[in-house]
Amino acid sequence: MDFKKAFNALEMEPKAYAKKVALPVVAFGFIFSILIYTLLPGLFTGSTQMIPALIPVICIGFAFYYPFTALGGKAAQIDNNMHYYITQMGAISTAETPRLDIIKIVSKNESYKFLAKESEKIYNLVTVWNMSLSDACRFSSKRTPSVLYEDFLDRFAHGLESGEDIKAFLAAEQNVVMNEYESMYNGALYAIEVIKELFVSLIMALIFLASFAVIMPVITGMDAVLLMGVVVVVFVVTDLVMITFTKSKVPKDPIWQQTKIPTKAKTKLYQSIPISIAGCIIVAIAVMLYGKLELPIAVAAILTPLTYIGHVAKKVEKDIKRKDENYPSFIRSLGSSAGARGGLIDEALKSLRIHDFGPLTKDVNSLFKRINTRVDKKKAWEFFSANTGSNLIQRFSAMFVEATNLGGQPEVIGDMIATNFHRIVTLRKKRYQSASSLVGVMYGLTAGIGFTLYISLGVVDLMQDMFTTVTMPDGMGMGMILNTDIGNMELLSAMVLFIMLAHSLMSALLIRFVDGGHILCSMKDFVIMVWISGISAVFTTSGVASLLGTA
C-alpha cells in the first residue's frame with residue numbers, strides 16, 4: 001500500500017484528508033451508532049445488539065481504504081487512455097515538434113482525464129520549477145498510480161538523457177505500449193470469464209434459497225411473504241453487486257462516440273423511445289380489455305414493444321462496428337495518398353472517393369464535400385467522426401487532423417494510427433465473443449430460475465390444497481404436522497415474477513457492460529428474458545398440475 005501515490009491520486013495532503021474526510025466520516029459512524037442505542041433501545045436484541053456497533057468500524061474501514069480505491073480508479077483512467085496517448089504523441093512527433101511542446105499538447109486533451117493532469121504536472125515541473133524534462137518524468141513516475149504510465153515515463157526519461165531522437169523513440173514505443181495494453185485487455189477478458197462462473201454459482205445458490213423460502217413456511221409456519229421478501233432483496237442486491245463489480249473490471253472502451261453533435265442515428269434512436277413506450281401503453285390496454293392472459297405472459301406482452309428500442313440501437317451499433325473495421329484501410333490510404341501529394345489532404349480525399357470503404361464510403365464522400373467548401377476543415381472532420389458514431393474513429397481522426405496541421409508526415413501518421421486502430425478492433429472482437437457466450441448463459445439461467453421457483457410454488461400450492469381436505473382424528477389438527485395456511489399464493493407468485501423481471505433487467509445490463517455497447521441495446525435481451533420467464537412460469541405451472549393430477 002503506497003500512501004504517497006494514494007494521496008497524490010486524491011490530490012490532497014494527508015492532513016487535509018484527515019480533516020475534511022476521515023474525521024467527519026468516523027465521527028458520523030460513532031454518533032449514528034450512539035443515537036440508535038439511545039433512541040431505539042429495543043430495536044436490536046440478543047445477538048443483533050452488535051449490529052449498530054459495527055457502523056463505526058465500517059466508517060473507519062471506509063476512511064482508511066478510500067484513498068486506495070481512488071488510486072485504483074485513477075490508475076484505470078490512465079491505463080484505459082494510454083493507447084490513445086502514445087499514438088497522439090507519436091503522430092505529433094512526426095512534425096518535428098519540440099519535446100516539451102508534445103507534453104503540453106497532450107496535457108490539453110481533456111478526454112485523457114487524469115492522464116492529462118499527470119502530463120500537465122510534468123509540464124509545470126519544467127516551466128515553473130525549472131526541472132529538466134527527464135527529471136520531471138522521473139519525479140512523476142514515482143507518484144503516478146499507473147504502473148503502465150510509470151514504466152513509460154522511466155523509459156522516456158532514459159531516452160531523453162541518452163539523447164535518443166524523440167521521433168524514433170515514440171515510434172518504437174507504439175509497439176511497446178500497445179503490447180502492454182493488449183496484456184491488460186486480455187487480463188480483463190479473463191476476469192470476465194471468472195465473473196461469469198462466479199455469477200452462475202451465486203445464482204444457483206440463490207435459486208436454492210428461494211425454493212427454501214417457498215417450502216419452509218409449510219414445515220415451520222414462518223411468514224412466507226416475509227421470507228420471499230428477503231429473497232427478493234437478496235436477489236436484487238446480488239445482481240447489483242455483480243454489475244458493479246463487472247463494470248469495475250471490464251476495459252473502459254465505449255463503442256459509441258462521446259460528442260454531443262446531433263446525428264441521424266442518434267435522432268432515430270431517441271425517437272424510438274417514445275414510440276416503444278406508446279406501444280407498451282397500447283398493449284397494456286389491450287391486455288386488460290382481453291383479461292384472459294396469465295400474469296407472466298401479460299407482463300411479457302406489455303414489455304414487448306421495448307424490443308424496438310433494442311433493435312434500433314443494435315442496428316446502429318452494428319453499422320459502427322462495420323465502420324470501425326473499414327477505418328484502418330481508409331486512414332492508411334489517406335495518409336499514403338496525402339504523402340504522395342505533398343501533404344494535401346483535400347486532393348488525397350478527392351482521389352479516394354472512387355474507392356469502396358464499405359459502410360464508411362458515404363461518410364468519406366460527405367467529408368470531402370464539407371472540406372471542399374473550405375469553411376472549417378476541423379469542423380468537417382468533427383462532423384465526419386460524429387456521423388460514423390464511433391468513439392475510436394472520433395479520437396483517432398482528431399489525432400490525424402491535429403498532427404497533419406502541425407506539419408507531420410501524413411503517410412507515417414496514417415500508418416501508425418491504422419496499425420494501432422486495427423489492434424484495438426482485434427481486441428474488441430475477443431470481447432464481443434465473450435459477451436456472446438454470456439448471452440447464452442444468461443438465457444439459460446433465467447429459464448432455470450423460472451423453472452425451479454415455479455415448481456416450488458406449484459408443489460406448495462398442491463400441498464396446501466391437499467392437506468386442507470384431509471380429515472384428522474379427534475384431538476389432532478393438521479397444524480400439528482404441517483402448516484396448511486402459508487398465505488396468499490397469488491402474492492407469492494407475483495413476488496417470484498418480480499424476481500424474474502429484476503433479474504432479467506440486471507442480466508441484460510450486465511451483457512451490455514461486458515460488450516461495451518449502448519445501454520439501450522439491453523432492451524432486446526431484457527424482453528427476450530422476460531418472455532423466457534413468462535413461458536417457463538406458464539409451462540411449469542401447468543406441467544406440475546398435470547403431473548400431480550390437479551389440473
# chains A, B, ... in the order shown; residues from 1 in each chain; ligands from 1
call {"tool": "select_by_dssp", "arguments": {"residues": "segment 219-460 of chain A", "states": "alpha helix (DSSP H)", "output": "count of residues only"}}
result
196
call {"tool": "residues_around", "arguments": {"residues": "Leu520 of chain A", "least_positions_apart": "3", "cutoff": "12 Å", "atoms": "only C-alpha atoms", "output": "PDB file with all heavy atoms, in the first residue's frame"}}
result
ATOM      1  N   TRP A 256     -19.662   3.672 -28.856  1.00  0.00           N
ATOM      2  CA  TRP A 256     -20.317   4.860 -29.406  1.00  0.00           C
ATOM      3  C   TRP A 256     -19.491   6.115 -29.124  1.00  0.00           C
ATOM      4  O   TRP A 256     -18.866   6.237 -28.072  1.00  0.00           O
ATOM      5  CB  TRP A 256     -21.706   5.027 -28.802  1.00  0.00           C
ATOM      6  CG  TRP A 256     -22.652   3.926 -29.175  1.00  0.00           C
ATOM      7  CD1 TRP A 256     -22.492   2.590 -28.939  1.00  0.00           C
ATOM      8  CD2 TRP A 256     -23.915   4.055 -29.833  1.00  0.00           C
ATOM      9  NE1 TRP A 256     -23.579   1.883 -29.410  1.00  0.00           N
ATOM     10  CE2 TRP A 256     -24.469   2.763 -29.967  1.00  0.00           C
ATOM     11  CE3 TRP A 256     -24.634   5.145 -30.318  1.00  0.00           C
ATOM     12  CZ2 TRP A 256     -25.699   2.522 -30.565  1.00  0.00           C
ATOM     13  CZ3 TRP A 256     -25.869   4.918 -30.911  1.00  0.00           C
ATOM     14  CH2 TRP A 256     -26.382   3.615 -31.036  1.00  0.00           C
ATOM     15  N   LYS A 266     -28.473   9.067 -33.921  1.00  0.00           N
ATOM     16  CA  LYS A 266     -28.882   9.424 -32.561  1.00  0.00           C
ATOM     17  C   LYS A 266     -30.351   9.829 -32.525  1.00  0.00           C
ATOM     18  O   LYS A 266     -31.102   9.427 -31.626  1.00  0.00           O
ATOM     19  CB  LYS A 266     -28.028  10.585 -32.045  1.00  0.00           C
ATOM     20  CG  LYS A 266     -26.678  10.198 -31.482  1.00  0.00           C
ATOM     21  CD  LYS A 266     -26.024  11.434 -30.910  1.00  0.00           C
ATOM     22  CE  LYS A 266     -24.682  11.092 -30.288  1.00  0.00           C
ATOM     23  NZ  LYS A 266     -24.015  12.306 -29.745  1.00  0.00           N
ATOM     24  N   LEU A 269     -32.573   6.851 -32.801  1.00  0.00           N
ATOM     25  CA  LEU A 269     -32.541   6.065 -31.562  1.00  0.00           C
ATOM     26  C   LEU A 269     -33.414   6.711 -30.492  1.00  0.00           C
ATOM     27  O   LEU A 269     -34.212   6.033 -29.831  1.00  0.00           O
ATOM     28  CB  LEU A 269     -31.099   5.938 -31.070  1.00  0.00           C
ATOM     29  CG  LEU A 269     -30.895   5.186 -29.744  1.00  0.00           C
ATOM     30  CD1 LEU A 269     -31.420   3.760 -29.842  1.00  0.00           C
ATOM     31  CD2 LEU A 269     -29.429   5.194 -29.345  1.00  0.00           C
ATOM     32  N   TYR A 270     -33.277   8.029 -30.318  1.00  0.00           N
ATOM     33  CA  TYR A 270     -34.052   8.711 -29.279  1.00  0.00           C
ATOM     34  C   TYR A 270     -35.538   8.775 -29.631  1.00  0.00           C
ATOM     35  O   TYR A 270     -36.397   8.808 -28.733  1.00  0.00           O
ATOM     36  CB  TYR A 270     -33.488  10.111 -29.043  1.00  0.00           C
ATOM     37  CG  TYR A 270     -32.089  10.096 -28.479  1.00  0.00           C
ATOM     38  CD1 TYR A 270     -31.137  11.040 -28.863  1.00  0.00           C
ATOM     39  CD2 TYR A 270     -31.700   9.127 -27.561  1.00  0.00           C
ATOM     40  CE1 TYR A 270     -29.850  11.024 -28.348  1.00  0.00           C
ATOM     41  CE2 TYR A 270     -30.414   9.094 -27.042  1.00  0.00           C
ATOM     42  CZ  TYR A 270     -29.496  10.038 -27.435  1.00  0.00           C
ATOM     43  OH  TYR A 270     -28.220  10.009 -26.937  1.00  0.00           O
ATOM     44  N   SER A 272     -37.088   6.350 -31.018  1.00  0.00           N
ATOM     45  CA  SER A 272     -37.628   5.009 -30.770  1.00  0.00           C
ATOM     46  C   SER A 272     -38.131   4.848 -29.335  1.00  0.00           C
ATOM     47  O   SER A 272     -38.975   3.987 -29.064  1.00  0.00           O
ATOM     48  CB  SER A 272     -36.557   3.944 -31.056  1.00  0.00           C
ATOM     49  OG  SER A 272     -35.513   3.989 -30.094  1.00  0.00           O
ATOM     50  N   ILE A 273     -37.635   5.693 -28.418  1.00  0.00           N
ATOM     51  CA  ILE A 273     -38.028   5.564 -27.003  1.00  0.00           C
ATOM     52  C   ILE A 273     -39.509   5.903 -26.804  1.00  0.00           C
ATOM     53  O   ILE A 273     -40.258   5.064 -26.260  1.00  0.00           O
ATOM     54  CB  ILE A 273     -37.114   6.427 -26.107  1.00  0.00           C
ATOM     55  CG1 ILE A 273     -35.668   5.925 -26.200  1.00  0.00           C
ATOM     56  CG2 ILE A 273     -37.601   6.386 -24.654  1.00  0.00           C
ATOM     57  CD1 ILE A 273     -34.670   6.803 -25.467  1.00  0.00           C
ATOM     58  N   SER A 276     -41.743   3.227 -28.477  1.00  0.00           N
ATOM     59  CA  SER A 276     -41.826   1.967 -27.726  1.00  0.00           C
ATOM     60  C   SER A 276     -42.709   2.106 -26.491  1.00  0.00           C
ATOM     61  O   SER A 276     -43.490   1.209 -26.165  1.00  0.00           O
ATOM     62  CB  SER A 276     -40.428   1.499 -27.322  1.00  0.00           C
ATOM     63  OG  SER A 276     -39.668   1.139 -28.448  1.00  0.00           O
ATOM     64  N   LEU A 306     -40.724  -2.697 -26.190  1.00  0.00           N
ATOM     65  CA  LEU A 306     -39.388  -2.181 -25.880  1.00  0.00           C
ATOM     66  C   LEU A 306     -38.325  -2.796 -26.788  1.00  0.00           C
ATOM     67  O   LEU A 306     -37.216  -2.261 -26.911  1.00  0.00           O
ATOM     68  CB  LEU A 306     -39.038  -2.459 -24.415  1.00  0.00           C
ATOM     69  CG  LEU A 306     -39.873  -1.746 -23.353  1.00  0.00           C
ATOM     70  CD1 LEU A 306     -39.456  -2.190 -21.966  1.00  0.00           C
ATOM     71  CD2 LEU A 306     -39.750  -0.232 -23.482  1.00  0.00           C
ATOM     72  N   THR A 307     -38.678  -3.910 -27.432  1.00  0.00           N
ATOM     73  CA  THR A 307     -37.743  -4.552 -28.362  1.00  0.00           C
ATOM     74  C   THR A 307     -37.342  -3.603 -29.475  1.00  0.00           C
ATOM     75  O   THR A 307     -36.220  -3.678 -29.994  1.00  0.00           O
ATOM     76  CB  THR A 307     -38.395  -5.816 -28.978  1.00  0.00           C
ATOM     77  OG1 THR A 307     -38.927  -6.621 -27.937  1.00  0.00           O
ATOM     78  CG2 THR A 307     -37.376  -6.637 -29.755  1.00  0.00           C
ATOM     79  N   TYR A 308     -38.247  -2.704 -29.840  1.00  0.00           N
ATOM     80  CA  TYR A 308     -37.960  -1.769 -30.936  1.00  0.00           C
ATOM     81  C   TYR A 308     -36.759  -0.874 -30.598  1.00  0.00           C
ATOM     82  O   TYR A 308     -35.903  -0.617 -31.451  1.00  0.00           O
ATOM     83  CB  TYR A 308     -39.194  -0.913 -31.226  1.00  0.00           C
ATOM     84  CG  TYR A 308     -38.993   0.083 -32.341  1.00  0.00           C
ATOM     85  CD1 TYR A 308     -38.729  -0.335 -33.644  1.00  0.00           C
ATOM     86  CD2 TYR A 308     -39.057   1.460 -32.087  1.00  0.00           C
ATOM     87  CE1 TYR A 308     -38.536   0.588 -34.668  1.00  0.00           C
ATOM     88  CE2 TYR A 308     -38.865   2.380 -33.098  1.00  0.00           C
ATOM     89  CZ  TYR A 308     -38.606   1.939 -34.385  1.00  0.00           C
ATOM     90  OH  TYR A 308     -38.401   2.847 -35.397  1.00  0.00           O
ATOM     91  N   ILE A 309     -36.680  -0.426 -29.337  1.00  0.00           N
ATOM     92  CA  ILE A 309     -35.535   0.385 -28.909  1.00  0.00           C
ATOM     93  C   ILE A 309     -34.248  -0.421 -29.084  1.00  0.00           C
ATOM     94  O   ILE A 309     -33.265   0.058 -29.655  1.00  0.00           O
ATOM     95  CB  ILE A 309     -35.672   0.823 -27.435  1.00  0.00           C
ATOM     96  CG1 ILE A 309     -36.924   1.675 -27.233  1.00  0.00           C
ATOM     97  CG2 ILE A 309     -34.430   1.589 -26.987  1.00  0.00           C
ATOM     98  CD1 ILE A 309     -37.174   2.044 -25.786  1.00  0.00           C
ATOM     99  N   GLY A 310     -34.270  -1.652 -28.560  1.00  0.00           N
ATOM    100  CA  GLY A 310     -33.082  -2.501 -28.670  1.00  0.00           C
ATOM    101  C   GLY A 310     -32.715  -2.804 -30.109  1.00  0.00           C
ATOM    102  O   GLY A 310     -31.528  -2.852 -30.466  1.00  0.00           O
ATOM    103  N   HIS A 311     -33.741  -3.008 -30.957  1.00  0.00           N
ATOM    104  CA  HIS A 311     -33.484  -3.309 -32.375  1.00  0.00           C
ATOM    105  C   HIS A 311     -32.795  -2.134 -33.072  1.00  0.00           C
ATOM    106  O   HIS A 311     -31.810  -2.320 -33.797  1.00  0.00           O
ATOM    107  CB  HIS A 311     -34.811  -3.628 -33.068  1.00  0.00           C
ATOM    108  CG  HIS A 311     -34.696  -3.769 -34.557  1.00  0.00           C
ATOM    109  ND1 HIS A 311     -34.101  -4.863 -35.154  1.00  0.00           N
ATOM    110  CD2 HIS A 311     -35.075  -2.926 -35.571  1.00  0.00           C
ATOM    111  CE1 HIS A 311     -34.126  -4.700 -36.472  1.00  0.00           C
ATOM    112  NE2 HIS A 311     -34.704  -3.544 -36.745  1.00  0.00           N
ATOM    113  N   VAL A 312     -33.304  -0.919 -32.828  1.00  0.00           N
ATOM    114  CA  VAL A 312     -32.714   0.275 -33.458  1.00  0.00           C
ATOM    115  C   VAL A 312     -31.286   0.476 -32.961  1.00  0.00           C
ATOM    116  O   VAL A 312     -30.363   0.738 -33.748  1.00  0.00           O
ATOM    117  CB  VAL A 312     -33.572   1.524 -33.159  1.00  0.00           C
ATOM    118  CG1 VAL A 312     -32.873   2.787 -33.643  1.00  0.00           C
ATOM    119  CG2 VAL A 312     -34.938   1.391 -33.806  1.00  0.00           C
ATOM    120  N   ALA A 313     -31.089   0.352 -31.639  1.00  0.00           N
ATOM    121  CA  ALA A 313     -29.755   0.552 -31.059  1.00  0.00           C
ATOM    122  C   ALA A 313     -28.758  -0.480 -31.590  1.00  0.00           C
ATOM    123  O   ALA A 313     -27.612  -0.139 -31.926  1.00  0.00           O
ATOM    124  CB  ALA A 313     -29.831   0.469 -29.533  1.00  0.00           C
ATOM    125  N   LYS A 314     -29.194  -1.731 -31.689  1.00  0.00           N
ATOM    126  CA  LYS A 314     -28.285  -2.780 -32.180  1.00  0.00           C
ATOM    127  C   LYS A 314     -27.959  -2.589 -33.657  1.00  0.00           C
ATOM    128  O   LYS A 314     -26.838  -2.887 -34.095  1.00  0.00           O
ATOM    129  CB  LYS A 314     -28.899  -4.161 -31.933  1.00  0.00           C
ATOM    130  CG  LYS A 314     -28.813  -4.611 -30.490  1.00  0.00           C
ATOM    131  CD  LYS A 314     -28.987  -6.109 -30.355  1.00  0.00           C
ATOM    132  CE  LYS A 314     -28.681  -6.561 -28.928  1.00  0.00           C
ATOM    133  NZ  LYS A 314     -28.722  -8.028 -28.784  1.00  0.00           N
ATOM    134  N   LYS A 315     -28.918  -2.111 -34.422  1.00  0.00           N
ATOM    135  CA  LYS A 315     -28.675  -1.865 -35.849  1.00  0.00           C
ATOM    136  C   LYS A 315     -27.640  -0.762 -36.039  1.00  0.00           C
ATOM    137  O   LYS A 315     -26.712  -0.891 -36.857  1.00  0.00           O
ATOM    138  CB  LYS A 315     -29.990  -1.483 -36.546  1.00  0.00           C
ATOM    139  CG  LYS A 315     -29.861  -1.366 -38.061  1.00  0.00           C
ATOM    140  CD  LYS A 315     -31.201  -1.023 -38.710  1.00  0.00           C
ATOM    141  CE  LYS A 315     -31.044  -0.883 -40.225  1.00  0.00           C
ATOM    142  NZ  LYS A 315     -32.321  -0.495 -40.874  1.00  0.00           N
ATOM    143  N   VAL A 316     -27.782   0.320 -35.269  1.00  0.00           N
ATOM    144  CA  VAL A 316     -26.816   1.420 -35.344  1.00  0.00           C
ATOM    145  C   VAL A 316     -25.441   0.936 -34.887  1.00  0.00           C
ATOM    146  O   VAL A 316     -24.420   1.251 -35.507  1.00  0.00           O
ATOM    147  CB  VAL A 316     -27.284   2.614 -34.481  1.00  0.00           C
ATOM    148  CG1 VAL A 316     -26.219   3.705 -34.448  1.00  0.00           C
ATOM    149  CG2 VAL A 316     -28.596   3.175 -34.999  1.00  0.00           C
ATOM    150  N   GLU A 317     -25.432   0.171 -33.807  1.00  0.00           N
ATOM    151  CA  GLU A 317     -24.162  -0.338 -33.271  1.00  0.00           C
ATOM    152  C   GLU A 317     -23.465  -1.277 -34.254  1.00  0.00           C
ATOM    153  O   GLU A 317     -22.231  -1.253 -34.378  1.00  0.00           O
ATOM    154  CB  GLU A 317     -24.421  -1.050 -31.945  1.00  0.00           C
ATOM    155  CG  GLU A 317     -23.158  -1.362 -31.161  1.00  0.00           C
ATOM    156  CD  GLU A 317     -23.475  -1.749 -29.727  1.00  0.00           C
ATOM    157  OE1 GLU A 317     -23.911  -0.864 -28.963  1.00  0.00           O
ATOM    158  OE2 GLU A 317     -23.306  -2.923 -29.384  1.00  0.00           O
ATOM    159  N   LEU A 505     -33.629  -7.782 -16.137  1.00  0.00           N
ATOM    160  CA  LEU A 505     -33.106  -6.442 -16.411  1.00  0.00           C
ATOM    161  C   LEU A 505     -31.624  -6.355 -16.046  1.00  0.00           C
ATOM    162  O   LEU A 505     -30.810  -5.844 -16.832  1.00  0.00           O
ATOM    163  CB  LEU A 505     -33.906  -5.408 -15.622  1.00  0.00           C
ATOM    164  CG  LEU A 505     -33.445  -3.954 -15.781  1.00  0.00           C
ATOM    165  CD1 LEU A 505     -33.534  -3.508 -17.243  1.00  0.00           C
ATOM    166  CD2 LEU A 505     -34.274  -3.034 -14.889  1.00  0.00           C
ATOM    167  N   ALA A 508     -29.495  -8.289 -18.547  1.00  0.00           N
ATOM    168  CA  ALA A 508     -29.373  -7.568 -19.823  1.00  0.00           C
ATOM    169  C   ALA A 508     -28.350  -6.440 -19.708  1.00  0.00           C
ATOM    170  O   ALA A 508     -27.534  -6.234 -20.620  1.00  0.00           O
ATOM    171  CB  ALA A 508     -30.731  -7.028 -20.245  1.00  0.00           C
ATOM    172  N   LEU A 509     -28.374  -5.719 -18.582  1.00  0.00           N
ATOM    173  CA  LEU A 509     -27.396  -4.647 -18.370  1.00  0.00           C
ATOM    174  C   LEU A 509     -25.989  -5.213 -18.239  1.00  0.00           C
ATOM    175  O   LEU A 509     -25.023  -4.622 -18.746  1.00  0.00           O
ATOM    176  CB  LEU A 509     -27.759  -3.851 -17.107  1.00  0.00           C
ATOM    177  CG  LEU A 509     -29.039  -3.018 -17.183  1.00  0.00           C
ATOM    178  CD1 LEU A 509     -29.348  -2.401 -15.823  1.00  0.00           C
ATOM    179  CD2 LEU A 509     -28.910  -1.922 -18.237  1.00  0.00           C
ATOM    180  N   ILE A 511     -24.774  -7.863 -19.662  1.00  0.00           N
ATOM    181  CA  ILE A 511     -24.309  -8.208 -21.015  1.00  0.00           C
ATOM    182  C   ILE A 511     -23.783  -6.963 -21.725  1.00  0.00           C
ATOM    183  O   ILE A 511     -22.742  -6.991 -22.376  1.00  0.00           O
ATOM    184  CB  ILE A 511     -25.448  -8.860 -21.822  1.00  0.00           C
ATOM    185  CG1 ILE A 511     -25.813 -10.216 -21.227  1.00  0.00           C
ATOM    186  CG2 ILE A 511     -25.039  -9.028 -23.292  1.00  0.00           C
ATOM    187  CD1 ILE A 511     -27.092 -10.809 -21.783  1.00  0.00           C
ATOM    188  N   ARG A 512     -24.500  -5.855 -21.580  1.00  0.00           N
ATOM    189  CA  ARG A 512     -24.076  -4.615 -22.251  1.00  0.00           C
ATOM    190  C   ARG A 512     -22.768  -4.085 -21.682  1.00  0.00           C
ATOM    191  O   ARG A 512     -21.915  -3.580 -22.410  1.00  0.00           O
ATOM    192  CB  ARG A 512     -25.161  -3.541 -22.111  1.00  0.00           C
ATOM    193  CG  ARG A 512     -26.423  -3.823 -22.853  1.00  0.00           C
ATOM    194  CD  ARG A 512     -26.321  -3.620 -24.369  1.00  0.00           C
ATOM    195  NE  ARG A 512     -25.557  -4.613 -25.079  1.00  0.00           N
ATOM    196  CZ  ARG A 512     -25.994  -5.829 -25.381  1.00  0.00           C
ATOM    197  NH1 ARG A 512     -27.199  -6.221 -25.024  1.00  0.00           N
ATOM    198  NH2 ARG A 512     -25.225  -6.676 -26.033  1.00  0.00           N
ATOM    199  N   PHE A 513     -22.590  -4.168 -20.364  1.00  0.00           N
ATOM    200  CA  PHE A 513     -21.340  -3.691 -19.771  1.00  0.00           C
ATOM    201  C   PHE A 513     -20.158  -4.544 -20.222  1.00  0.00           C
ATOM    202  O   PHE A 513     -19.047  -4.046 -20.362  1.00  0.00           O
ATOM    203  CB  PHE A 513     -21.438  -3.668 -18.242  1.00  0.00           C
ATOM    204  CG  PHE A 513     -22.361  -2.614 -17.711  1.00  0.00           C
ATOM    205  CD1 PHE A 513     -23.263  -2.897 -16.691  1.00  0.00           C
ATOM    206  CD2 PHE A 513     -22.350  -1.338 -18.235  1.00  0.00           C
ATOM    207  CE1 PHE A 513     -24.125  -1.923 -16.200  1.00  0.00           C
ATOM    208  CE2 PHE A 513     -23.210  -0.352 -17.758  1.00  0.00           C
ATOM    209  CZ  PHE A 513     -24.090  -0.641 -16.738  1.00  0.00           C
ATOM    210  N   GLY A 516     -19.509  -3.573 -23.995  1.00  0.00           N
ATOM    211  CA  GLY A 516     -19.175  -2.175 -24.200  1.00  0.00           C
ATOM    212  C   GLY A 516     -20.161  -1.409 -25.069  1.00  0.00           C
ATOM    213  O   GLY A 516     -19.886  -0.281 -25.476  1.00  0.00           O
ATOM    214  N   GLY A 517     -21.313  -2.008 -25.366  1.00  0.00           N
ATOM    215  CA  GLY A 517     -22.298  -1.372 -26.231  1.00  0.00           C
ATOM    216  C   GLY A 517     -23.164  -0.358 -25.511  1.00  0.00           C
ATOM    217  O   GLY A 517     -23.026  -0.124 -24.305  1.00  0.00           O
ATOM    218  N   MET A 523     -32.356  -3.547 -24.085  1.00  0.00           N
ATOM    219  CA  MET A 523     -33.806  -3.716 -24.100  1.00  0.00           C
ATOM    220  C   MET A 523     -34.231  -4.996 -24.821  1.00  0.00           C
ATOM    221  O   MET A 523     -35.171  -5.676 -24.408  1.00  0.00           O
ATOM    222  CB  MET A 523     -34.477  -2.512 -24.761  1.00  0.00           C
ATOM    223  CG  MET A 523     -34.441  -1.229 -23.952  1.00  0.00           C
ATOM    224  SD  MET A 523     -35.377  -1.345 -22.392  1.00  0.00           S
ATOM    225  CE  MET A 523     -34.050  -1.602 -21.224  1.00  0.00           C
ATOM    226  N   LYS A 524     -33.541  -5.339 -25.891  1.00  0.00           N
ATOM    227  CA  LYS A 524     -33.901  -6.533 -26.652  1.00  0.00           C
ATOM    228  C   LYS A 524     -33.659  -7.795 -25.827  1.00  0.00           C
ATOM    229  O   LYS A 524     -34.529  -8.675 -25.742  1.00  0.00           O
ATOM    230  CB  LYS A 524     -33.080  -6.585 -27.946  1.00  0.00           C
ATOM    231  CG  LYS A 524     -33.583  -7.610 -28.948  1.00  0.00           C
ATOM    232  CD  LYS A 524     -32.891  -7.447 -30.294  1.00  0.00           C
ATOM    233  CE  LYS A 524     -33.473  -8.406 -31.321  1.00  0.00           C
ATOM    234  NZ  LYS A 524     -32.825  -8.227 -32.651  1.00  0.00           N
ATOM    235  N   ASP A 525     -32.497  -7.881 -25.194  1.00  0.00           N
ATOM    236  CA  ASP A 525     -32.202  -9.041 -24.336  1.00  0.00           C
ATOM    237  C   ASP A 525     -33.144  -9.083 -23.142  1.00  0.00           C
ATOM    238  O   ASP A 525     -33.561 -10.170 -22.716  1.00  0.00           O
ATOM    239  CB  ASP A 525     -30.748  -8.985 -23.862  1.00  0.00           C
ATOM    240  CG  ASP A 525     -29.754  -9.218 -24.984  1.00  0.00           C
ATOM    241  OD1 ASP A 525     -29.948 -10.179 -25.746  1.00  0.00           O
ATOM    242  OD2 ASP A 525     -28.802  -8.440 -25.108  1.00  0.00           O
ATOM    243  N   PHE A 526     -33.472  -7.917 -22.605  1.00  0.00           N
ATOM    244  CA  PHE A 526     -34.387  -7.855 -21.468  1.00  0.00           C
ATOM    245  C   PHE A 526     -35.748  -8.448 -21.823  1.00  0.00           C
ATOM    246  O   PHE A 526     -36.290  -9.285 -21.080  1.00  0.00           O
ATOM    247  CB  PHE A 526     -34.539  -6.398 -21.015  1.00  0.00           C
ATOM    248  CG  PHE A 526     -35.641  -6.163 -20.019  1.00  0.00           C
ATOM    249  CD1 PHE A 526     -35.645  -6.810 -18.790  1.00  0.00           C
ATOM    250  CD2 PHE A 526     -36.691  -5.309 -20.316  1.00  0.00           C
ATOM    251  CE1 PHE A 526     -36.669  -6.598 -17.868  1.00  0.00           C
ATOM    252  CE2 PHE A 526     -37.713  -5.085 -19.412  1.00  0.00           C
ATOM    253  CZ  PHE A 526     -37.706  -5.731 -18.189  1.00  0.00           C
ATOM    254  N   VAL A 527     -36.308  -8.035 -22.954  1.00  0.00           N
ATOM    255  CA  VAL A 527     -37.624  -8.542 -23.369  1.00  0.00           C
ATOM    256  C   VAL A 527     -37.570 -10.052 -23.639  1.00  0.00           C
ATOM    257  O   VAL A 527     -38.487 -10.791 -23.247  1.00  0.00           O
ATOM    258  CB  VAL A 527     -38.122  -7.788 -24.615  1.00  0.00           C
ATOM    259  CG1 VAL A 527     -39.397  -8.430 -25.157  1.00  0.00           C
ATOM    260  CG2 VAL A 527     -38.387  -6.319 -24.283  1.00  0.00           C
TER     261      VAL A 527
END
call {"tool": "residues_around", "arguments": {"residues": "segment 379-386 of chain A", "least_positions_apart": "2", "cutoff": "12 Å", "atoms": "only C-alpha atoms", "output": "ChimeraX atom specification"}}
result
/A:256-266,320,323-324,327,345-346,349,360-377,388-402
call {"tool": "residues_around", "arguments": {"residues": "Arg332 of chain A", "least_positions_apart": "2", "cutoff": "10 Å", "atoms": "only C-alpha atoms", "output": "number ranges by chain"}}
result
A: 327-330, 334-338, 410-419
call {"tool": "residues_around", "arguments": {"residues": "Lys117 of chain A", "least_positions_apart": "6", "cutoff": "9 Å", "atoms": "only C-alpha atoms", "output": "number ranges by chain"}}
result
A: 107-108, 110
call {"tool": "residues_around", "arguments": {"residues": "Leu427 of chain A", "least_positions_apart": "2", "cutoff": "10 Å", "atoms": "only C-alpha atoms", "output": "list in words"}}
result
Tyr181, Glu182, Tyr185, Asn186, Leu189, His422, Arg423, Ile424, Val425, Lys429, Lys430, Arg431 and Tyr432 of chain A
call {"tool": "closest_residue", "arguments": {"among": "A:Gln88, A:Thr304, A:Thr452, A:Gln174", "to": "Val496 of chain A", "atoms": "only C-alpha atoms"}}
result
A:Thr452
call {"tool": "closest_residue", "arguments": {"among": "A:Ile31, A:Gly440, A:Ala18, A:Ala172", "to": "Phe64 of chain A", "atoms": "only C-alpha atoms"}}
result
A:Ala18
call {"tool": "atom_distance", "arguments": {"atom1": "atom CA of Leu115 of chain A", "atom2": "atom CA of Ile255 of chain A"}}
result
20.7 Å
call {"tool": "atom_distance", "arguments": {"atom1": "atom CA of Tyr65 of chain A", "atom2": "atom CA of Leu510 of chain A"}}
result
26.5 Å
call {"tool": "closest_residue", "arguments": {"among": "A:Thr540, A:Lys321, A:Gln409, A:Val200", "to": "Arg341 of chain A", "atoms": "only C-alpha atoms"}}
result
A:Gln409
call {"tool": "atom_distance", "arguments": {"atom1": "atom CA of Phe28 of chain A", "atom2": "atom CA of Ala16 of chain A"}}
result
17.8 Å
